[in-house]
Amino acid sequence: MQQDVQKMDSILAEVVAKYLLGVTDEMSAALMRTAFSPNIKERGDCSTAVFDRHGNVIALPQRVPIHLGSMVGVIDEILKRYSRESLREGDMFLANDPYHGGGSHLPDINLVSPVFHEGEVVAFVANIAHHSDVGGMVPGSEAAVCSSIFQEGLRLPPVRVASAGVINQDVLDIILLNSRTPQERQGDLKAQIAANTVGIRSVQDLYRRYGTERLSATIASYLDFTERRFSAAISALPDGQYVARERMDDDLTGAQPELRLRLTVGRGKLHFDFEGTSPQLASARNIPYRALIATIYTVVKSLLDHEIAANAGYFRTITVAAPPRSVVGPESPAPVGARSLSCAVLGDLIVQAMNQAMPDRGMAGSGPHHLIVLAGEDPRNGSYFVNYETIAGAMGARAHRPGMDAVRVHASGASNLPVEALEHAYPLRVEQYAIRAGSGGEGWRRGGCGVIRDYRVLANNAVLSLSTERQQFPARGVNGAGDGLPGEIWLDPETPQQRKLPSTAADIPVAYGQVLRVCTPGGGGHDGMED
């Protein structure tokens with residue numbers, strides 16, 4: 001009988017895998033439909049996941065890929081602080097600190113819940129939501145100008161927010177007091193609690209149907225199958241070492257940090273060594289470990305086998321070496337808030353190395369999103385608002401296809417905030433929203449084009465913060481094709497008062513009636529192979 005349990009039933013494994021992925025979709029729907037903030041309910045800046053009892057990711061939709069890394073390892077961190085024996089049905093844990101088992105920057109708050117069946121923990125469910133403000137020196141709690149993580153907002157190690165089904169209001173009160181928009185935070189946190197409640201119920205149904213022993217064995221076998229399948233995809237690449245370099249835009253000191261990578265392919269494994277990467281920055285563009293691995297996992301999956309399940313099985317085929325106190329290996333209290341923009345350049349670095357091993361499936365450099373945070377007093381009701389928004393860039397051209405316009409690239413995700421939702425929620429008016437024609441690099445295959453978006457500010461005492469990338473070093477074309485256009489941000493464009501804004505800034509005063517124009521960068525072209 002034991003041998004029958006250990007031998008994977010492929011049909012059952014596929015049913016279970018699809019069921020659990022459906023659970024994460026159900027959780028996402030519950031989270032987005034009950035959230036208060038436009039950033040979650042409209043942009044979908046959130047993710048959900050199911051883990052096995054050991055903390056391995058077994059189901060994760062590719063909504064916001066960088067959240068994958070924010071969840072990897074979070075169960076281990078919780079169990080370091082709370083013994084498995086101390087867990088009770090109805091417990092829930094919050095965490096957001098990248099140096100202490102949380103997400104990959106402070107606005108991303110993880111909520112994790114154990115799932116019980118017949119009195120024992122059989123799995124965990126989790127969701128992560130990007131909260132528009134968790135305190136810190138600037139509205140929105142994310143600005144590249146921060147020089148320490150202490151400036152970026154409230155830090156939460158894994159802490160029990162619900163005990164045996166009873167909410168610990170004192171924990172919630174600490175979070176609410178530290179936010180400029182406490183009503184949004186309260187609504188969003190309760191939406192996260194609702195999402196996990198939905199997930200717990202559905203996972204328990206699955207265990208009741210198949211039993212702990214059979215289901216646990218099936219999940220373990222499915223992870224092994226995923227590992228074998230991805231290892232086979234790697235084995236199709238030529239063994240060797242592939243070297244790549246990329247430059248990031250200036251930080252606040254004028255330095256131009258460099259990312260370096262030596263990729264080793266062999267024996268069905270990938271090893272990423274970032275030796276030689278610049279030292280960690282005094283600005284919030286460092287890439288913490290969980291964001292680093294999330295970008296690696298996402299990019300190699302999309303290039304080698306985009307249909308494979310996003311679970312811990314294929315993670316086993318990848319190893320990473322990041323030098324300590326570097327841009328890709330920062331140590332506390334190095335700031336990390338704007339890591340998603342740096343991860344866009346990191347994604348290009350990984351693609352550049354992979355291009356050498358698989359030129360027929362290669363891709364040019366891409367244009368990352370731009371981040372703006374507009375905050376101030378809403379004259380319609382006198383309340384304080386924080387509009388955290390990222391505006392899509394563009395994908396680089398591929399060997400056989402042009403790049404995609406107006407998309408997020410590599411590990412980035414979420415949507416552009418719809419105009420109707422934005423104007424309803426905030427005292428802002430969108431006066432232009434268009435593809436940035438001509439921003440994609442020329443070539444046999446054209447790079448994707450970015451976006452132009454104009455905002456007229458109809459708020460009092462408004463301030464603007466900016467965090468961007470690829471304003472100085474554009475997305476590069478491949479084989480002599482053209483580079484994409486760099487990004488630009490303007491205040492009062494096409495007027496005598498027009499002013500080009502810096503790529504990184506905080507608390508820029510914006511008067512009632514002024515116009516902000518955001519031009520996101522284009523992707524590089526590709527002069528590769530013809531069809």
# chains A, B, ... in the order shown; residues from 1 in each chain; ligands from 1
$ closest_atom_pairs --of "region 114-185 of chain A" --to "region 77-91 of chain A" --cutoff "6 Å" --atoms "only C-alpha atoms" --output "CSV"
residue,atom,partner,partner_atom,distance
A:Pro158,CA,A:Ile78,CA,5.8
A:Ala162,CA,A:Asp91,CA,5.0
A:Ser163,CA,A:Asp91,CA,4.6
A:Ala164,CA,A:Gly90,CA,4.2
A:Gly165,CA,A:Gly90,CA,4.0
$ residues_around --residues "Tyr222 (chain A)" --least-positions-apart "6" --cutoff "12 Å" --atoms "only C-alpha atoms" --output "VMD selection string"
chain A and resid 6 to 18 52 56 to 59 215 to 216 228 to 229 308 to 314
$ select_by_dssp --residues "region 93-181 of chain A" --states "strand (DSSP E)" --output "PyMOL selection string"
chain A and resi 93-95+108-117+120-130+159-163+166-167
$ atom_distance --atom1 "CA of Leu303 (chain A)" --atom2 "CA of Met358 (chain A)"
9.1 Å
$ residues_around --residues "Gln432 (chain A)" --least-positions-apart "2" --cutoff "12 Å" --atoms "only C-alpha atoms" --output "list in words"
Val419, Arg429, Val430, Ala434, Ile435, Arg436, Val451, Ile452, Arg453, Asp454, Tyr455, Arg456, Pro493, Val515, Leu516, Arg517, Val518 and Cys519 of chain A
$ write_last_selection --atoms "N, CA, C and O atoms" --output "PDB file, in the first residue's frame"
ATOM      1  N   VAL A 419      -8.728  54.889 -15.885  1.00  0.00           N
ATOM      2  CA  VAL A 419      -8.978  56.320 -15.750  1.00  0.00           C
ATOM      3  C   VAL A 419     -10.221  56.583 -14.912  1.00  0.00           C
ATOM      4  O   VAL A 419     -10.224  57.448 -14.025  1.00  0.00           O
ATOM      5  N   ARG A 429      -7.320  64.425 -12.878  1.00  0.00           N
ATOM      6  CA  ARG A 429      -7.990  64.238 -14.159  1.00  0.00           C
ATOM      7  C   ARG A 429      -6.954  63.814 -15.200  1.00  0.00           C
ATOM      8  O   ARG A 429      -5.933  64.479 -15.365  1.00  0.00           O
ATOM      9  N   VAL A 430      -7.210  62.709 -15.868  1.00  0.00           N
ATOM     10  CA  VAL A 430      -6.300  62.230 -16.904  1.00  0.00           C
ATOM     11  C   VAL A 430      -6.675  62.891 -18.221  1.00  0.00           C
ATOM     12  O   VAL A 430      -7.781  62.689 -18.734  1.00  0.00           O
ATOM     13  N   ALA A 434      -2.010  57.455 -23.807  1.00  0.00           N
ATOM     14  CA  ALA A 434      -1.763  56.957 -25.161  1.00  0.00           C
ATOM     15  C   ALA A 434      -0.476  56.155 -25.216  1.00  0.00           C
ATOM     16  O   ALA A 434       0.377  56.236 -24.332  1.00  0.00           O
ATOM     17  N   ILE A 435      -0.369  55.375 -26.289  1.00  0.00           N
ATOM     18  CA  ILE A 435       0.904  54.723 -26.599  1.00  0.00           C
ATOM     19  C   ILE A 435       1.922  55.798 -26.994  1.00  0.00           C
ATOM     20  O   ILE A 435       1.612  56.719 -27.753  1.00  0.00           O
ATOM     21  N   ARG A 436       3.124  55.672 -26.470  1.00  0.00           N
ATOM     22  CA  ARG A 436       4.189  56.631 -26.788  1.00  0.00           C
ATOM     23  C   ARG A 436       4.822  56.229 -28.126  1.00  0.00           C
ATOM     24  O   ARG A 436       5.808  55.503 -28.168  1.00  0.00           O
ATOM     25  N   VAL A 451       4.266  54.323 -22.674  1.00  0.00           N
ATOM     26  CA  VAL A 451       2.989  55.011 -22.469  1.00  0.00           C
ATOM     27  C   VAL A 451       3.234  56.484 -22.189  1.00  0.00           C
ATOM     28  O   VAL A 451       4.250  56.856 -21.600  1.00  0.00           O
ATOM     29  N   ILE A 452       2.294  57.337 -22.632  1.00  0.00           N
ATOM     30  CA  ILE A 452       2.234  58.735 -22.193  1.00  0.00           C
ATOM     31  C   ILE A 452       0.954  58.905 -21.387  1.00  0.00           C
ATOM     32  O   ILE A 452      -0.129  58.488 -21.818  1.00  0.00           O
ATOM     33  N   ARG A 453       1.081  59.506 -20.222  1.00  0.00           N
ATOM     34  CA  ARG A 453      -0.105  59.726 -19.386  1.00  0.00           C
ATOM     35  C   ARG A 453       0.016  61.102 -18.737  1.00  0.00           C
ATOM     36  O   ARG A 453       1.012  61.384 -18.068  1.00  0.00           O
ATOM     37  N   ASP A 454      -0.980  61.960 -18.970  1.00  0.00           N
ATOM     38  CA  ASP A 454      -1.016  63.317 -18.411  1.00  0.00           C
ATOM     39  C   ASP A 454      -2.056  63.398 -17.303  1.00  0.00           C
ATOM     40  O   ASP A 454      -3.209  62.998 -17.497  1.00  0.00           O
ATOM     41  N   TYR A 455      -1.654  63.949 -16.166  1.00  0.00           N
ATOM     42  CA  TYR A 455      -2.536  64.129 -15.015  1.00  0.00           C
ATOM     43  C   TYR A 455      -2.675  65.624 -14.719  1.00  0.00           C
ATOM     44  O   TYR A 455      -1.664  66.314 -14.556  1.00  0.00           O
ATOM     45  N   ARG A 456      -3.898  66.111 -14.639  1.00  0.00           N
ATOM     46  CA  ARG A 456      -4.107  67.448 -14.102  1.00  0.00           C
ATOM     47  C   ARG A 456      -4.461  67.296 -12.623  1.00  0.00           C
ATOM     48  O   ARG A 456      -5.410  66.599 -12.261  1.00  0.00           O
ATOM     49  N   PRO A 493       3.991  70.385 -19.152  1.00  0.00           N
ATOM     50  CA  PRO A 493       4.574  70.196 -20.482  1.00  0.00           C
ATOM     51  C   PRO A 493       3.924  71.114 -21.523  1.00  0.00           C
ATOM     52  O   PRO A 493       2.752  71.490 -21.407  1.00  0.00           O
ATOM     53  N   VAL A 515      -0.098  70.254 -14.513  1.00  0.00           N
ATOM     54  CA  VAL A 515      -0.173  69.006 -15.260  1.00  0.00           C
ATOM     55  C   VAL A 515       1.142  68.243 -15.116  1.00  0.00           C
ATOM     56  O   VAL A 515       2.226  68.825 -15.267  1.00  0.00           O
ATOM     57  N   LEU A 516       1.022  66.960 -14.824  1.00  0.00           N
ATOM     58  CA  LEU A 516       2.166  66.058 -14.762  1.00  0.00           C
ATOM     59  C   LEU A 516       2.099  65.123 -15.954  1.00  0.00           C
ATOM     60  O   LEU A 516       1.062  64.508 -16.215  1.00  0.00           O
ATOM     61  N   ARG A 517       3.198  65.016 -16.699  1.00  0.00           N
ATOM     62  CA  ARG A 517       3.266  64.097 -17.840  1.00  0.00           C
ATOM     63  C   ARG A 517       4.295  63.011 -17.558  1.00  0.00           C
ATOM     64  O   ARG A 517       5.457  63.309 -17.247  1.00  0.00           O
ATOM     65  N   VAL A 518       3.873  61.758 -17.680  1.00  0.00           N
ATOM     66  CA  VAL A 518       4.754  60.616 -17.496  1.00  0.00           C
ATOM     67  C   VAL A 518       4.934  59.921 -18.841  1.00  0.00           C
ATOM     68  O   VAL A 518       3.955  59.520 -19.471  1.00  0.00           O
ATOM     69  N   CYS A 519       6.190  59.792 -19.281  1.00  0.00           N
ATOM     70  CA  CYS A 519       6.529  59.097 -20.534  1.00  0.00           C
ATOM     71  C   CYS A 519       7.397  57.897 -20.174  1.00  0.00           C
ATOM     72  O   CYS A 519       8.558  58.072 -19.768  1.00  0.00           O
TER      73      CYS A 519
END
$ closest_residue --among "A:Gln186, A:Ser439, A:Thr298, A:Ser231" --to "Gln62 (chain A)" --atoms "only C-alpha atoms"
A:Thr298
$ residues_around --residues "Gly482 (chain A)" --least-positions-apart "4" --cutoff "10 Å" --atoms "only C-alpha atoms" --output "list in words"
Ala364, Gly440, Gly441, Glu442, Gly443, Trp444, Arg445, Arg446, Gly447, Ala475, Arg476, Gly477, Val478, Gly523, Gly524, Gly525, His526 and Asp527 of chain A
$ residues_around --residues "region 343-347 of chain A" --least-positions-apart "5" --cutoff "8 Å" --atoms "only C-alpha atoms" --output "PyMOL selection string"
chain A and resi 246-248+259+287+291-292+295-296+299+366-368+409-412+469
$ write_last_selection --atoms "all heavy atoms" --output "compact mmCIF listing (two decimals), in the first residue's frame"
# COMPACT_ATOMS: atom_id res chain seq x y z
N GLU A 246 24.98 45.01 -16.93
CA GLU A 246 23.98 46.06 -17.15
C GLU A 246 24.27 47.21 -16.20
O GLU A 246 24.77 47.00 -15.09
CB GLU A 246 22.56 45.54 -16.89
CG GLU A 246 21.91 44.82 -18.04
CD GLU A 246 21.45 45.76 -19.16
OE1 GLU A 246 21.54 47.00 -18.98
OE2 GLU A 246 21.00 45.25 -20.20
N ARG A 247 23.92 48.42 -16.64
CA ARG A 247 24.07 49.60 -15.79
C ARG A 247 22.70 50.14 -15.40
O ARG A 247 21.78 50.18 -16.20
CB ARG A 247 24.87 50.71 -16.48
CG ARG A 247 26.37 50.47 -16.43
CD ARG A 247 27.13 51.79 -16.31
NE ARG A 247 28.55 51.57 -16.11
CZ ARG A 247 29.13 51.45 -14.94
NH1 ARG A 247 28.40 51.51 -13.83
NH2 ARG A 247 30.43 51.25 -14.84
N MET A 248 22.61 50.57 -14.15
CA MET A 248 21.42 51.25 -13.66
C MET A 248 21.64 52.75 -13.73
O MET A 248 22.77 53.22 -13.82
CB MET A 248 21.12 50.81 -12.22
CG MET A 248 20.79 49.33 -12.09
SD MET A 248 20.89 48.71 -10.39
CE MET A 248 19.80 49.85 -9.52
N LEU A 259 25.43 45.96 -12.56
CA LEU A 259 25.06 44.60 -12.23
C LEU A 259 25.87 43.66 -13.10
O LEU A 259 25.93 43.84 -14.32
CB LEU A 259 23.56 44.37 -12.47
CG LEU A 259 22.58 45.30 -11.75
CD1 LEU A 259 21.15 44.93 -12.13
CD2 LEU A 259 22.76 45.23 -10.24
N ILE A 287 18.32 45.49 -4.20
CA ILE A 287 17.46 44.35 -4.49
C ILE A 287 17.64 43.31 -3.38
O ILE A 287 18.66 42.62 -3.34
CB ILE A 287 17.81 43.72 -5.86
CG1 ILE A 287 17.69 44.77 -6.97
CG2 ILE A 287 16.92 42.52 -6.14
CD1 ILE A 287 18.18 44.28 -8.33
N ALA A 291 13.50 39.44 -3.65
CA ALA A 291 13.21 40.05 -4.95
C ALA A 291 14.18 39.52 -6.01
O ALA A 291 13.81 39.35 -7.18
CB ALA A 291 13.31 41.57 -4.85
N LEU A 292 15.41 39.27 -5.61
CA LEU A 292 16.41 38.72 -6.53
C LEU A 292 15.98 37.36 -7.06
O LEU A 292 15.94 37.12 -8.28
CB LEU A 292 17.76 38.60 -5.81
CG LEU A 292 18.90 37.92 -6.57
CD1 LEU A 292 19.33 38.76 -7.76
CD2 LEU A 292 20.09 37.67 -5.64
N THR A 295 12.86 37.41 -9.39
CA THR A 295 13.15 37.83 -10.76
C THR A 295 13.82 36.71 -11.54
O THR A 295 13.46 36.44 -12.70
CB THR A 295 14.04 39.09 -10.74
OG1 THR A 295 13.43 40.10 -9.93
CG2 THR A 295 14.25 39.62 -12.14
N ILE A 296 14.77 36.04 -10.92
CA ILE A 296 15.45 34.93 -11.60
C ILE A 296 14.45 33.83 -11.94
O ILE A 296 14.38 33.37 -13.09
CB ILE A 296 16.58 34.37 -10.70
CG1 ILE A 296 17.69 35.41 -10.54
CG2 ILE A 296 17.15 33.08 -11.30
CD1 ILE A 296 18.73 35.03 -9.50
N VAL A 299 12.03 35.02 -14.84
CA VAL A 299 12.61 35.22 -16.18
C VAL A 299 13.00 33.88 -16.81
O VAL A 299 12.69 33.63 -17.98
CB VAL A 299 13.81 36.18 -16.11
CG1 VAL A 299 14.52 36.25 -17.46
CG2 VAL A 299 13.34 37.58 -15.71
N SER A 366 14.26 45.71 -22.15
CA SER A 366 12.89 46.18 -21.99
C SER A 366 12.85 47.50 -21.23
O SER A 366 13.79 47.87 -20.51
CB SER A 366 12.05 45.14 -21.24
OG SER A 366 11.91 43.95 -22.00
N GLY A 367 11.73 48.21 -21.38
CA GLY A 367 11.52 49.48 -20.68
C GLY A 367 10.66 49.27 -19.44
O GLY A 367 9.52 48.82 -19.55
N PRO A 368 11.17 49.55 -18.25
CA PRO A 368 10.40 49.30 -17.03
C PRO A 368 9.31 50.34 -16.79
O PRO A 368 9.31 51.42 -17.39
CB PRO A 368 11.47 49.38 -15.93
CG PRO A 368 12.50 50.31 -16.49
CD PRO A 368 12.51 50.07 -17.97
N VAL A 409 7.21 44.40 -17.31
CA VAL A 409 8.21 43.45 -17.81
C VAL A 409 8.85 42.67 -16.68
O VAL A 409 8.91 43.12 -15.54
CB VAL A 409 9.29 44.18 -18.64
CG1 VAL A 409 8.65 44.88 -19.83
CG2 VAL A 409 10.06 45.20 -17.80
N HIS A 410 9.30 41.47 -17.05
CA HIS A 410 10.03 40.58 -16.14
C HIS A 410 9.20 40.28 -14.89
O HIS A 410 8.13 39.69 -15.00
CB HIS A 410 11.41 41.15 -15.84
CG HIS A 410 12.24 41.40 -17.07
ND1 HIS A 410 12.34 40.47 -18.09
CD2 HIS A 410 12.98 42.48 -17.47
CE1 HIS A 410 13.13 40.95 -19.05
NE2 HIS A 410 13.51 42.16 -18.71
N ALA A 411 9.66 40.67 -13.72
CA ALA A 411 8.96 40.29 -12.49
C ALA A 411 7.89 41.28 -12.07
O ALA A 411 7.22 41.07 -11.06
CB ALA A 411 9.97 40.13 -11.35
N SER A 412 7.70 42.35 -12.82
CA SER A 412 6.68 43.33 -12.46
C SER A 412 5.30 42.82 -12.86
O SER A 412 5.16 41.92 -13.69
CB SER A 412 6.97 44.66 -13.15
OG SER A 412 5.99 45.63 -12.81
N GLU A 469 13.53 54.16 -13.70
CA GLU A 469 14.74 53.52 -14.22
C GLU A 469 14.71 53.64 -15.73
O GLU A 469 13.66 53.92 -16.31
CB GLU A 469 14.74 52.06 -13.77
CG GLU A 469 16.04 51.29 -13.68
CD GLU A 469 17.31 52.04 -13.39
OE1 GLU A 469 17.90 52.53 -14.37
OE2 GLU A 469 17.75 52.10 -12.25
$ closest_residue --among "A:Ser467, A:Thr317, A:Ser302, A:Asn39" --to "Gly362 (chain A)" --atoms "only C-alpha atoms"
A:Ser302
$ residues_around --residues "Thr24 (chain A)" --least-positions-apart "2" --cutoff "7 Å" --atoms "only C-alpha atoms" --output "list in words"
Leu20, Leu21, Gly22, Glu26, Met27, Ser28, Thr48, Ala49, Val50, Leu60 and Pro61 of chain A
$ write_last_selection --atoms "all heavy atoms" --output "PDB file, in the first residue's frame"
ATOM      1  N   LEU A  20      -5.712  23.452  -6.662  1.00  0.00           N
ATOM      2  CA  LEU A  20      -5.025  24.392  -5.781  1.00  0.00           C
ATOM      3  C   LEU A  20      -4.769  25.719  -6.470  1.00  0.00           C
ATOM      4  O   LEU A  20      -4.837  26.787  -5.840  1.00  0.00           O
ATOM      5  CB  LEU A  20      -3.722  23.784  -5.270  1.00  0.00           C
ATOM      6  CG  LEU A  20      -3.897  22.602  -4.306  1.00  0.00           C
ATOM      7  CD1 LEU A  20      -2.549  21.976  -3.973  1.00  0.00           C
ATOM      8  CD2 LEU A  20      -4.619  23.040  -3.032  1.00  0.00           C
ATOM      9  N   LEU A  21      -4.487  25.690  -7.771  1.00  0.00           N
ATOM     10  CA  LEU A  21      -4.352  26.945  -8.503  1.00  0.00           C
ATOM     11  C   LEU A  21      -5.698  27.672  -8.526  1.00  0.00           C
ATOM     12  O   LEU A  21      -5.748  28.905  -8.404  1.00  0.00           O
ATOM     13  CB  LEU A  21      -3.869  26.675  -9.934  1.00  0.00           C
ATOM     14  CG  LEU A  21      -3.410  27.902 -10.736  1.00  0.00           C
ATOM     15  CD1 LEU A  21      -2.243  28.595 -10.049  1.00  0.00           C
ATOM     16  CD2 LEU A  21      -3.012  27.490 -12.150  1.00  0.00           C
ATOM     17  N   GLY A  22      -6.788  26.902  -8.643  1.00  0.00           N
ATOM     18  CA  GLY A  22      -8.111  27.501  -8.553  1.00  0.00           C
ATOM     19  C   GLY A  22      -8.374  28.123  -7.196  1.00  0.00           C
ATOM     20  O   GLY A  22      -9.047  29.159  -7.094  1.00  0.00           O
ATOM     21  N   GLU A  26      -9.505  31.918  -6.428  1.00  0.00           N
ATOM     22  CA  GLU A  26     -10.651  32.230  -5.574  1.00  0.00           C
ATOM     23  C   GLU A  26     -10.248  33.211  -4.475  1.00  0.00           C
ATOM     24  O   GLU A  26     -10.978  34.163  -4.155  1.00  0.00           O
ATOM     25  CB  GLU A  26     -11.179  30.928  -4.967  1.00  0.00           C
ATOM     26  CG  GLU A  26     -12.467  31.061  -4.196  1.00  0.00           C
ATOM     27  CD  GLU A  26     -12.935  29.744  -3.596  1.00  0.00           C
ATOM     28  OE1 GLU A  26     -12.122  28.791  -3.515  1.00  0.00           O
ATOM     29  OE2 GLU A  26     -14.109  29.661  -3.204  1.00  0.00           O
ATOM     30  N   MET A  27      -9.067  32.994  -3.896  1.00  0.00           N
ATOM     31  CA  MET A  27      -8.570  33.924  -2.880  1.00  0.00           C
ATOM     32  C   MET A  27      -8.344  35.308  -3.460  1.00  0.00           C
ATOM     33  O   MET A  27      -8.673  36.322  -2.829  1.00  0.00           O
ATOM     34  CB  MET A  27      -7.263  33.375  -2.280  1.00  0.00           C
ATOM     35  CG  MET A  27      -7.425  32.118  -1.448  1.00  0.00           C
ATOM     36  SD  MET A  27      -5.817  31.387  -1.008  1.00  0.00           S
ATOM     37  CE  MET A  27      -5.108  32.674   0.011  1.00  0.00           C
ATOM     38  N   SER A  28      -7.771  35.359  -4.673  1.00  0.00           N
ATOM     39  CA  SER A  28      -7.517  36.649  -5.314  1.00  0.00           C
ATOM     40  C   SER A  28      -8.815  37.402  -5.554  1.00  0.00           C
ATOM     41  O   SER A  28      -8.895  38.627  -5.345  1.00  0.00           O
ATOM     42  CB  SER A  28      -6.785  36.441  -6.643  1.00  0.00           C
ATOM     43  OG  SER A  28      -5.492  35.919  -6.443  1.00  0.00           O
ATOM     44  N   THR A  48      -1.625  35.602  -4.280  1.00  0.00           N
ATOM     45  CA  THR A  48      -2.077  34.574  -3.340  1.00  0.00           C
ATOM     46  C   THR A  48      -1.286  33.298  -3.589  1.00  0.00           C
ATOM     47  O   THR A  48      -0.767  33.089  -4.695  1.00  0.00           O
ATOM     48  CB  THR A  48      -3.575  34.305  -3.522  1.00  0.00           C
ATOM     49  OG1 THR A  48      -3.837  34.005  -4.904  1.00  0.00           O
ATOM     50  CG2 THR A  48      -4.407  35.509  -3.123  1.00  0.00           C
ATOM     51  N   ALA A  49      -1.214  32.432  -2.586  1.00  0.00           N
ATOM     52  CA  ALA A  49      -0.430  31.203  -2.748  1.00  0.00           C
ATOM     53  C   ALA A  49      -0.898  30.140  -1.759  1.00  0.00           C
ATOM     54  O   ALA A  49      -1.485  30.447  -0.714  1.00  0.00           O
ATOM     55  CB  ALA A  49       1.056  31.474  -2.538  1.00  0.00           C
ATOM     56  N   VAL A  50      -0.603  28.884  -2.117  1.00  0.00           N
ATOM     57  CA  VAL A  50      -0.801  27.751  -1.221  1.00  0.00           C
ATOM     58  C   VAL A  50       0.550  27.058  -1.045  1.00  0.00           C
ATOM     59  O   VAL A  50       1.289  26.872  -2.019  1.00  0.00           O
ATOM     60  CB  VAL A  50      -1.840  26.754  -1.773  1.00  0.00           C
ATOM     61  CG1 VAL A  50      -2.006  25.573  -0.820  1.00  0.00           C
ATOM     62  CG2 VAL A  50      -3.184  27.439  -2.010  1.00  0.00           C
ATOM     63  N   LEU A  60       0.758  29.025  -7.179  1.00  0.00           N
ATOM     64  CA  LEU A  60       0.962  30.474  -7.194  1.00  0.00           C
ATOM     65  C   LEU A  60       0.617  31.003  -8.574  1.00  0.00           C
ATOM     66  O   LEU A  60       1.295  30.681  -9.540  1.00  0.00           O
ATOM     67  CB  LEU A  60       2.416  30.820  -6.854  1.00  0.00           C
ATOM     68  CG  LEU A  60       2.764  32.301  -6.843  1.00  0.00           C
ATOM     69  CD1 LEU A  60       2.359  32.929  -5.509  1.00  0.00           C
ATOM     70  CD2 LEU A  60       4.259  32.516  -7.060  1.00  0.00           C
ATOM     71  N   PRO A  61      -0.429  31.799  -8.720  1.00  0.00           N
ATOM     72  CA  PRO A  61      -0.715  32.387 -10.030  1.00  0.00           C
ATOM     73  C   PRO A  61       0.301  33.461 -10.351  1.00  0.00           C
ATOM     74  O   PRO A  61       0.819  34.127  -9.451  1.00  0.00           O
ATOM     75  CB  PRO A  61      -2.121  32.982  -9.849  1.00  0.00           C
ATOM     76  CG  PRO A  61      -2.218  33.262  -8.381  1.00  0.00           C
ATOM     77  CD  PRO A  61      -1.388  32.223  -7.690  1.00  0.00           C
TER      78      PRO A  61
END
$ select_by_dssp --residues "region 118-227 of chain A" --states "alpha helix (DSSP H)" --output "VMD selection string"
chain A and resid 169 to 177 182 to 210 212 to 227
$ residues_around --residues "Ser202 (chain A)" --least-positions-apart "2" --cutoff "12 Å" --atoms "only C-alpha atoms" --output "list in words"
Val16, Tyr19, Leu20, Leu21, Gly22, Val23, Thr24, Asp25, Glu26, Met27, Val50, Val115, Phe116, His117, Ala123, Phe124, Val125, Ala195, Asn196, Thr197, Val198, Gly199, Ile200, Gln204, Asp205, Leu206, Tyr207, Arg208 and Arg209 of chain A
$ closest_residue --among "A:Leu237, A:Val161, A:Met363, A:Val122" --to "His400 (chain A)" --atoms "only C-alpha atoms"
A:Met363
$ closest_residue --among "A:Gln280, A:Ser235, A:Gln241, A:Asn381" --to "Pro257 (chain A)" --atoms "only C-alpha atoms"
A:Gln280
